[in-house]
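Coordinates as given in target-v7.cif (mmCIF, C-alpha atoms and all ligand atoms):
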data_upload
loop_
_atom_site.label_atom_id
_atom_site.label_comp_id
_atom_site.auth_asym_id
_atom_site.auth_seq_id
_atom_site.Cartn_x
_atom_site.Cartn_y
_atom_site.Cartn_z
CA MET A 1 -7.16 30.22 36.97
CA ILE A 2 -10.68 31.66 36.68
CA LEU A 3 -12.30 28.43 35.44
CA GLU A 4 -11.20 24.84 35.74
CA PHE A 5 -12.90 21.61 34.64
CA ASP A 6 -11.39 18.50 36.14
CA GLY A 7 -12.65 15.25 34.62
CA VAL A 8 -16.14 16.62 33.96
CA SER A 9 -18.74 14.36 32.39
CA ALA A 10 -22.36 15.28 31.72
CA ALA A 11 -25.43 13.54 30.36
CA TYR A 12 -29.03 14.13 29.32
CA ASP A 13 -30.91 11.51 31.31
CA THR A 14 -28.89 8.40 30.59
CA THR A 15 -27.25 9.59 27.37
CA PRO A 16 -23.66 10.59 28.11
CA ILE A 17 -22.52 13.67 26.20
CA LEU A 18 -19.46 15.26 27.83
CA ARG A 19 -16.73 12.76 28.58
CA ASN A 20 -13.98 13.44 31.07
CA VAL A 21 -13.40 17.07 30.07
CA ASP A 22 -10.33 18.85 31.47
CA LEU A 23 -10.29 22.53 30.64
CA ALA A 24 -8.61 25.56 32.16
CA VAL A 25 -9.11 29.25 31.48
CA GLU A 26 -6.91 31.92 32.97
CA ALA A 27 -8.26 35.33 33.95
CA GLY A 28 -7.98 37.69 31.00
CA GLU A 29 -7.84 35.01 28.31
CA ILE A 30 -10.08 34.49 25.29
CA VAL A 31 -10.45 30.74 24.87
CA GLY A 32 -12.38 29.03 22.09
CA VAL A 33 -13.83 25.54 21.81
CA MET A 34 -14.37 24.43 18.22
CA GLY A 35 -16.29 21.47 16.94
CA LYS A 36 -18.87 20.35 14.43
CA ASN A 37 -22.65 20.17 14.85
CA GLY A 38 -23.73 18.06 17.77
CA VAL A 39 -20.32 17.38 19.36
CA GLY A 40 -21.44 18.87 22.70
CA LYS A 41 -20.45 22.54 22.59
CA THR A 42 -23.74 23.85 23.98
CA THR A 43 -23.76 21.08 26.55
CA LEU A 44 -20.33 22.30 27.69
CA MET A 45 -21.62 25.87 28.02
CA LYS A 46 -24.66 24.68 30.01
CA THR A 47 -22.38 22.78 32.33
CA VAL A 48 -20.22 25.86 32.93
CA ILE A 49 -23.18 28.09 33.78
CA GLY A 50 -24.91 25.39 35.81
CA LEU A 51 -27.96 24.52 33.71
CA LEU A 52 -26.72 20.94 33.59
CA GLU A 53 -25.18 19.16 36.55
CA PRO A 54 -22.12 16.99 35.85
CA THR A 55 -22.38 13.26 36.45
CA ASP A 56 -18.71 13.26 37.33
CA GLY A 57 -15.82 15.64 37.92
CA THR A 58 -15.28 19.05 39.47
CA ILE A 59 -15.87 22.61 38.29
CA THR A 60 -13.89 25.35 39.98
CA TYR A 61 -14.67 29.02 39.40
CA ALA A 62 -12.44 31.73 40.87
CA GLY A 63 -11.00 29.28 43.37
CA THR A 64 -14.37 27.98 44.58
CA ASP A 65 -15.86 24.56 43.87
CA VAL A 66 -19.13 25.39 42.09
CA THR A 67 -19.95 21.88 40.87
CA GLU A 68 -23.15 21.87 42.94
CA SER A 69 -24.05 25.56 42.58
CA SER A 70 -27.13 26.65 40.67
CA ALA A 71 -27.01 28.78 37.53
CA ASP A 72 -28.32 31.72 39.59
CA GLU A 73 -25.51 31.40 42.07
CA ARG A 74 -22.92 31.22 39.31
CA ALA A 75 -24.40 34.25 37.58
CA ARG A 76 -24.30 36.18 40.84
CA ALA A 77 -20.67 35.16 41.25
CA GLY A 78 -19.85 36.82 37.94
CA ILE A 79 -20.43 34.39 35.08
CA GLY A 80 -22.33 35.92 32.17
CA TYR A 81 -24.01 33.63 29.61
CA ILE A 82 -25.05 34.38 26.05
CA PRO A 83 -27.01 31.35 24.84
CA GLN A 84 -27.01 29.94 21.33
CA GLY A 85 -29.68 31.69 19.29
CA ARG A 86 -29.38 34.74 21.59
CA GLU A 87 -32.81 34.44 23.23
CA VAL A 88 -33.54 38.12 23.65
CA PHE A 89 -36.99 38.96 25.02
CA PRO A 90 -38.77 39.73 21.73
CA LYS A 91 -41.57 41.90 23.12
CA LEU A 92 -39.38 43.99 25.39
CA ASN A 93 -37.53 46.95 23.97
CA VAL A 94 -33.75 47.17 23.80
CA GLU A 95 -33.30 49.01 27.07
CA GLN A 96 -35.67 46.69 28.95
CA ASN A 97 -33.74 43.70 27.63
CA ILE A 98 -30.46 45.12 28.88
CA ARG A 99 -32.01 45.91 32.25
CA MET A 100 -32.89 42.21 32.66
CA GLY A 101 -29.15 41.58 32.79
CA GLU A 102 -28.73 43.66 35.92
CA THR A 103 -29.85 40.75 38.07
CA VAL A 104 -26.67 38.92 37.04
CA ASN A 105 -23.52 39.45 39.10
CA ALA A 106 -25.43 41.02 41.97
CA ASP A 107 -22.17 40.94 43.91
CA SER A 108 -21.06 43.85 41.74
CA ASP A 109 -23.06 47.07 42.14
CA GLU A 110 -21.52 48.54 39.03
CA THR A 111 -23.49 48.72 35.79
CA LEU A 112 -21.93 49.33 32.41
CA TYR A 113 -24.63 51.15 30.41
CA ASP A 114 -22.21 53.83 29.17
CA GLU A 115 -19.64 51.26 28.06
CA ILE A 116 -22.27 49.10 26.36
CA TYR A 117 -23.68 52.01 24.40
CA ASP A 118 -20.11 52.98 23.42
CA TYR A 119 -19.37 49.51 22.08
CA PHE A 120 -22.77 49.14 20.46
CA PRO A 121 -24.05 52.60 19.49
CA VAL A 122 -26.82 50.99 17.45
CA LEU A 123 -28.38 49.86 20.74
CA ALA A 124 -28.37 53.42 22.05
CA ASN A 125 -30.06 54.63 18.89
CA ARG A 126 -32.68 51.91 19.18
CA ALA A 127 -33.16 51.87 22.96
CA ASP A 128 -36.95 52.17 22.62
CA GLN A 129 -37.30 49.69 19.79
CA GLN A 130 -38.85 46.26 20.33
CA ALA A 131 -36.13 43.57 20.27
CA SER A 132 -38.00 41.41 17.74
CA THR A 133 -37.57 44.15 15.13
CA LEU A 134 -33.75 44.08 15.30
CA SER A 135 -31.60 42.22 12.78
CA GLY A 136 -29.84 39.01 13.84
CA GLY A 137 -26.57 40.87 14.33
CA GLN A 138 -28.24 43.57 16.42
CA GLN A 139 -29.97 40.92 18.53
CA GLN A 140 -26.59 39.29 19.13
CA MET A 141 -25.20 42.65 20.25
CA LEU A 142 -28.20 43.04 22.53
CA ALA A 143 -27.63 39.60 24.05
CA ILE A 144 -23.99 40.49 24.64
CA ALA A 145 -25.03 43.81 26.18
CA ARG A 146 -27.52 42.09 28.48
CA ALA A 147 -24.79 39.74 29.71
CA LEU A 148 -22.24 42.52 30.00
CA VAL A 149 -24.25 45.18 31.84
CA SER A 150 -23.46 43.90 35.31
CA ASN A 151 -19.74 43.55 34.54
CA PRO A 152 -19.20 39.78 34.62
CA ASP A 153 -15.71 38.39 35.16
CA LEU A 154 -16.26 35.49 32.78
CA LEU A 155 -18.42 35.71 29.67
CA LEU A 156 -19.71 32.55 27.95
CA LEU A 157 -20.63 32.89 24.28
CA ASP A 158 -22.38 30.10 22.39
CA GLU A 159 -21.90 30.39 18.61
CA PRO A 160 -22.15 34.17 18.31
CA SER A 161 -21.78 34.01 14.50
CA GLU A 162 -24.74 31.72 13.87
CA GLY A 163 -27.16 33.20 11.33
CA ILE A 164 -25.40 36.55 11.15
CA GLN A 165 -24.03 38.21 8.03
CA PRO A 166 -20.21 38.05 7.70
CA SER A 167 -19.46 41.77 8.05
CA ILE A 168 -21.33 41.90 11.37
CA VAL A 169 -19.62 38.69 12.51
CA ASP A 170 -16.25 40.42 12.06
CA GLN A 171 -17.46 43.47 13.89
CA ILE A 172 -18.69 41.42 16.84
CA SER A 173 -15.32 39.61 17.02
CA CYS A 174 -13.55 42.99 17.16
CA ASP A 175 -15.96 44.24 19.82
CA MET A 176 -15.39 41.16 21.95
CA GLN A 177 -11.63 41.68 21.74
CA ALA A 178 -12.00 45.31 22.78
CA ILE A 179 -14.23 44.29 25.69
CA ASN A 180 -11.65 41.72 26.78
CA GLU A 181 -8.82 44.22 26.57
CA GLU A 182 -10.51 47.26 28.03
CA LEU A 183 -12.80 45.73 30.66
CA GLY A 184 -10.61 42.73 31.43
CA THR A 185 -13.50 40.33 30.82
CA THR A 186 -12.40 36.72 30.39
CA ILE A 187 -14.17 35.07 27.44
CA LEU A 188 -14.94 31.42 26.78
CA PHE A 189 -16.74 30.82 23.49
CA VAL A 190 -17.78 27.86 21.35
CA GLU A 191 -17.89 28.12 17.56
CA GLN A 192 -17.76 26.28 14.30
CA ASN A 193 -17.00 29.41 12.27
CA LEU A 194 -13.36 29.26 11.19
CA GLY A 195 -13.03 33.04 10.85
CA VAL A 196 -14.28 33.75 14.35
CA ILE A 197 -12.00 31.11 15.87
CA ARG A 198 -8.94 32.55 14.15
CA GLU A 199 -9.91 36.15 14.79
CA LEU A 200 -11.01 35.93 18.38
CA ALA A 201 -9.30 33.07 20.24
CA ASP A 202 -5.97 33.35 22.04
CA ARG A 203 -6.03 29.56 21.98
CA CYS A 204 -8.61 26.95 21.23
CA TYR A 205 -9.67 23.46 22.25
CA ALA A 206 -11.05 21.01 19.70
CA MET A 207 -14.09 18.93 20.65
CA GLU A 208 -15.17 15.65 19.10
CA ARG A 209 -17.99 13.48 20.45
CA GLY A 210 -18.02 15.18 23.83
CA LYS A 211 -14.28 15.01 24.35
CA LEU A 212 -11.60 17.65 24.12
CA VAL A 213 -9.19 16.00 21.71
CA ASP A 214 -6.70 18.77 20.97
CA GLU A 215 -5.52 22.18 22.04
CA VAL A 216 -4.38 24.71 19.47
CA GLY A 217 -2.10 27.60 20.41
CA PRO A 218 -1.59 30.95 18.70
CA GLU A 219 0.95 29.73 16.12
CA THR A 220 -1.24 26.86 14.97
CA LEU A 221 -4.42 28.98 14.89
CA ALA A 222 -2.97 30.57 11.76
CA ASP A 223 -2.87 27.16 10.06
CA GLU A 224 -6.26 26.64 8.44
CA SER A 225 -5.68 22.95 7.69
CA VAL A 226 -5.40 22.17 11.40
CA LEU A 227 -8.68 23.93 12.14
CA THR A 228 -10.68 22.57 9.21
CA LYS A 229 -9.97 19.07 10.46
CA TYR A 230 -12.27 19.83 13.41
CA LEU A 231 -14.87 21.83 11.49
CA ALA A 232 -17.38 20.95 8.81
CA VAL A 233 -15.85 23.11 6.09
N1 LIG B 1 -31.96 18.51 25.94
C1 LIG B 1 -31.39 17.44 25.34
N2 LIG B 1 -31.82 16.19 25.60
C2 LIG B 1 -31.24 15.11 25.01
N3 LIG B 1 -30.20 15.19 24.15
C3 LIG B 1 -29.74 16.41 23.84
C4 LIG B 1 -30.31 17.61 24.42
N4 LIG B 1 -29.63 18.66 23.94
C5 LIG B 1 -28.69 18.16 23.10
N5 LIG B 1 -28.76 16.83 23.05
C6 LIG B 1 -27.85 15.95 22.27
O1 LIG B 1 -26.54 16.09 22.82
C7 LIG B 1 -25.57 16.11 21.78
C8 LIG B 1 -24.74 17.39 21.89
O2 LIG B 1 -25.59 18.50 21.66
P1 LIG B 1 -25.10 19.99 21.78
O3 LIG B 1 -26.30 20.85 21.61
O4 LIG B 1 -24.30 20.16 23.01
O5 LIG B 1 -24.14 20.09 20.50
P2 LIG B 1 -23.49 21.38 19.84
O6 LIG B 1 -22.05 21.05 19.60
O7 LIG B 1 -23.82 22.59 20.60
O8 LIG B 1 -24.23 21.41 18.40
P3 LIG B 1 -24.56 22.68 17.46
O9 LIG B 1 -23.27 23.04 16.80
O10 LIG B 1 -25.55 22.15 16.48
O11 LIG B 1 -25.10 23.78 18.32
C9 LIG B 1 -26.32 15.96 20.48
O12 LIG B 1 -26.28 14.62 20.10
C10 LIG B 1 -27.73 16.39 20.83
O13 LIG B 1 -28.67 15.71 20.02
MG MG B 2 -24.82 24.27 20.17
#
Could you render the structure from this file as structure tokens?
Amino acid sequence: MILEFDGVSAAYDTTPILRNVDLAVEAGEIVGVMGKNGVGKTTLMKTVIGLLEPTDGTITYAGTDVTESSADERARAGIGYIPQGREVFPKLNVEQNIRMGETVNADSDETLYDEIYDYFPVLANRADQQASTLSGGQQQMLAIARALVSNPDLLLLDEPSEGIQPSIVDQISCDMQAINEELGTTILFVEQNLGVIRELADRCYAMERGKLVDEVGPETLADESVLTKYLAV
């Protein structure tokens, strides 16, 4: 198991958000968490990377209890994080943005510039271009590239489809699958886009009001009616 949540709860000040979350991700898997606006998906991601400390429960990463570790420590241990809304550095150019990602996973001295530019040739073509001038889809690719450059073992993706045109959303799903297969990167993502969930996830948890209320395997992922129950569609 690369990641395990055991009874994790989390809160903003005194407002509880995550409630007693049990979650397990095996190395090599692509696991989704689906849920409507405001159910706690981003809060879950922040708890995995260490931007929010649990009020209860245990987080284990690669066999180590990281419940008390900082986000920096978790990044150095190989967790890559692509935040909701991408948050590229707008004034830096594409290459400078990617270089910022090298500080992650310092335990690995390998960098993946060649692989990144193979997956996302548009970034190679625009290496000198200021990030703010890229389209939403290109900025998402850049954020993925920045997280990927230092070869993380676990990649966290927060709503990669948000605000991106459908054809690019499909392309990014395909790219993530190729990255998972070819580089062996484990992926945990949160989404409310039905297409991405069906396309990308090996299996998927459903979140409602901060709780994981269901787990959907590969057979059921094909059944739209099961998924729409948990999504605002
Ligand atoms: N920094 C914060 N301080 C206080 N409450 C917050 C904070 N961030 C989020 N919340 C609240 O926590 C709840 C869960 O928010 P979260 O951002 O995790 O949801 P989400 O599932 O990611 O939503 P979305 O799909 O819109 O991104 C919401 O009720 C939200 O208003
Ligand atoms: Mg969110």
| request: Please give me, as an NGL selection string, the residues lying within 9 Å of ligand MG 2 (chain B) when counting all atoms listed in the file. | output: :A and (37-45 or 83-85 or 158-159 or 190-191)
| field | Answer as a PyMOL selection string, residues within 12 Å of (-11.1, 31.6, 15.0) using only C-alpha atoms | value | chain A and resi 30-35+159-161+169-170+173-174+189-206+216-218+220-224+226-228+230-231
Given the selection you just returned, output its residues as a file containing C-alpha atoms, formatted as a PDB file, in the coordinates of the input.
ATOM      1  CA  ILE A  30     -10.080  34.490  25.290  1.00  0.00           C
ATOM      2  CA  VAL A  31     -10.450  30.740  24.870  1.00  0.00           C
ATOM      3  CA  GLY A  32     -12.380  29.030  22.090  1.00  0.00           C
ATOM      4  CA  VAL A  33     -13.830  25.540  21.810  1.00  0.00           C
ATOM      5  CA  MET A  34     -14.370  24.430  18.220  1.00  0.00           C
ATOM      6  CA  GLY A  35     -16.290  21.470  16.940  1.00  0.00           C
ATOM      7  CA  GLU A 159     -21.900  30.390  18.610  1.00  0.00           C
ATOM      8  CA  PRO A 160     -22.150  34.170  18.310  1.00  0.00           C
ATOM      9  CA  SER A 161     -21.780  34.010  14.500  1.00  0.00           C
ATOM     10  CA  VAL A 169     -19.620  38.690  12.510  1.00  0.00           C
ATOM     11  CA  ASP A 170     -16.250  40.420  12.060  1.00  0.00           C
ATOM     12  CA  SER A 173     -15.320  39.610  17.020  1.00  0.00           C
ATOM     13  CA  CYS A 174     -13.550  42.990  17.160  1.00  0.00           C
ATOM     14  CA  PHE A 189     -16.740  30.820  23.490  1.00  0.00           C
ATOM     15  CA  VAL A 190     -17.780  27.860  21.350  1.00  0.00           C
ATOM     16  CA  GLU A 191     -17.890  28.120  17.560  1.00  0.00           C
ATOM     17  CA  GLN A 192     -17.760  26.280  14.300  1.00  0.00           C
ATOM     18  CA  ASN A 193     -17.000  29.410  12.270  1.00  0.00           C
ATOM     19  CA  LEU A 194     -13.360  29.260  11.190  1.00  0.00           C
ATOM     20  CA  GLY A 195     -13.030  33.040  10.850  1.00  0.00           C
ATOM     21  CA  VAL A 196     -14.280  33.750  14.350  1.00  0.00           C
ATOM     22  CA  ILE A 197     -12.000  31.110  15.870  1.00  0.00           C
ATOM     23  CA  ARG A 198      -8.940  32.550  14.150  1.00  0.00           C
ATOM     24  CA  GLU A 199      -9.910  36.150  14.790  1.00  0.00           C
ATOM     25  CA  LEU A 200     -11.010  35.930  18.380  1.00  0.00           C
ATOM     26  CA  ALA A 201      -9.300  33.070  20.240  1.00  0.00           C
ATOM     27  CA  ASP A 202      -5.970  33.350  22.040  1.00  0.00           C
ATOM     28  CA  ARG A 203      -6.030  29.560  21.980  1.00  0.00           C
ATOM     29  CA  CYS A 204      -8.610  26.950  21.230  1.00  0.00           C
ATOM     30  CA  TYR A 205      -9.670  23.460  22.250  1.00  0.00           C
ATOM     31  CA  ALA A 206     -11.050  21.010  19.700  1.00  0.00           C
ATOM     32  CA  VAL A 216      -4.380  24.710  19.470  1.00  0.00           C
ATOM     33  CA  GLY A 217      -2.100  27.600  20.410  1.00  0.00           C
ATOM     34  CA  PRO A 218      -1.590  30.950  18.700  1.00  0.00           C
ATOM     35  CA  THR A 220      -1.240  26.860  14.970  1.00  0.00           C
ATOM     36  CA  LEU A 221      -4.420  28.980  14.890  1.00  0.00           C
ATOM     37  CA  ALA A 222      -2.970  30.570  11.760  1.00  0.00           C
ATOM     38  CA  ASP A 223      -2.870  27.160  10.060  1.00  0.00           C
ATOM     39  CA  GLU A 224      -6.260  26.640   8.440  1.00  0.00           C
ATOM     40  CA  VAL A 226      -5.400  22.170  11.400  1.00  0.00           C
ATOM     41  CA  LEU A 227      -8.680  23.930  12.140  1.00  0.00           C
ATOM     42  CA  THR A 228     -10.680  22.570   9.210  1.00  0.00           C
ATOM     43  CA  TYR A 230     -12.270  19.830  13.410  1.00  0.00           C
ATOM     44  CA  LEU A 231     -14.870  21.830  11.490  1.00  0.00           C
TER      45      LEU A 231
END
| query | Mind pulling up the distance from atom CA of Ile2 of chain A to atom CA of Val25 of chain A? | reply |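 Distance reported for this atom pair: 5.9 Å.
Among A:Ala143, A:Leu157, A:Val66, A:Ile164, the residue with the shortest atom-to-atom distance to ligand LIG 1 (chain B), counting all atoms listed in the file, is A:Leu157.
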| task | List the neighbours of Ser70 of chain A out to 8 Å using only C-alpha atoms; skip same-chain residues closer than 3 positions along the sequence, and give me the result as a PyMOL selection string. | result | chain A and resi 50-51+73-74
Would you mind exporting C-alpha atoms of the selected residues as a PDB file, in the frame of the given file?
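Output file result_6.pdb follows:
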ATOM      1  CA  GLY A  50     -24.910  25.390  35.810  1.00  0.00           C
ATOM      2  CA  LEU A  51     -27.960  24.520  33.710  1.00  0.00           C
ATOM      3  CA  GLU A  73     -25.510  31.400  42.070  1.00  0.00           C
ATOM      4  CA  ARG A  74     -22.920  31.220  39.310  1.00  0.00           C
TER       5      ARG A  74
END
| field | Distance criterion (only C-alpha atoms): nearest to Ala71 of chain A out of A:Glu215, A:Leu52, A:Ile59, A:Phe89 | value | A:Leu52
Considering only C-alpha atoms, return as an mmCIF file with C-alpha atoms, in the frame of the given file whatever protein or nucleic-acid residues lie within 12 Å of Ala127 of chain A, sequence-local ones (same chain, fewer than 4 positions apart) excluded.
data_model
loop_
_atom_site.group_PDB
_atom_site.id
_atom_site.type_symbol
_atom_site.label_atom_id
_atom_site.label_comp_id
_atom_site.auth_asym_id
_atom_site.auth_seq_id
_atom_site.Cartn_x
_atom_site.Cartn_y
_atom_site.Cartn_z
ATOM 1 C CA LEU A 92 -39.380 43.990 25.390
ATOM 2 C CA ASN A 93 -37.530 46.950 23.970
ATOM 3 C CA VAL A 94 -33.750 47.170 23.800
ATOM 4 C CA GLU A 95 -33.300 49.010 27.070
ATOM 5 C CA GLN A 96 -35.670 46.690 28.950
ATOM 6 C CA ASN A 97 -33.740 43.700 27.630
ATOM 7 C CA ILE A 98 -30.460 45.120 28.880
ATOM 8 C CA ARG A 99 -32.010 45.910 32.250
ATOM 9 C CA TYR A 113 -24.630 51.150 30.410
ATOM 10 C CA ILE A 116 -22.270 49.100 26.360
ATOM 11 C CA TYR A 117 -23.680 52.010 24.400
ATOM 12 C CA PHE A 120 -22.770 49.140 20.460
ATOM 13 C CA PRO A 121 -24.050 52.600 19.490
ATOM 14 C CA VAL A 122 -26.820 50.990 17.450
ATOM 15 C CA LEU A 123 -28.380 49.860 20.740
ATOM 16 C CA ALA A 131 -36.130 43.570 20.270
ATOM 17 C CA THR A 133 -37.570 44.150 15.130
ATOM 18 C CA LEU A 134 -33.750 44.080 15.300
ATOM 19 C CA GLN A 138 -28.240 43.570 16.420
ATOM 20 C CA LEU A 142 -28.200 43.040 22.530
ATOM 21 C CA ALA A 145 -25.030 43.810 26.180
#
| message | Restricting the calculation to only C-alpha atoms and all ligand atoms: of A:Gly7, A:Gly184, A:Gly163, A:Gly136, which residue gets closest to ligand LIG 1 (chain B)? | response |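 Between A:Gly7, A:Gly184, A:Gly163, A:Gly136, the residue approaching ligand LIG 1 (chain B) most closely is A:Gly163.
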| task | Considering all atoms listed in the file, state which residue in the set A:Gly210, A:Gly57, A:Pro166, A:Gly63 is at the smallest distance from Asp6 of chain A. | result |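 Closest candidate: A:Gly57.
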| task | Find the residues around Ser150 of chain A up to 7 Å (all atoms listed in the file counted), leave out those fewer than 2 positions away in its own chain, and share them as number ranges by chain. | result | A: 101-102, 104-105, 108, 110-112, 148, 152
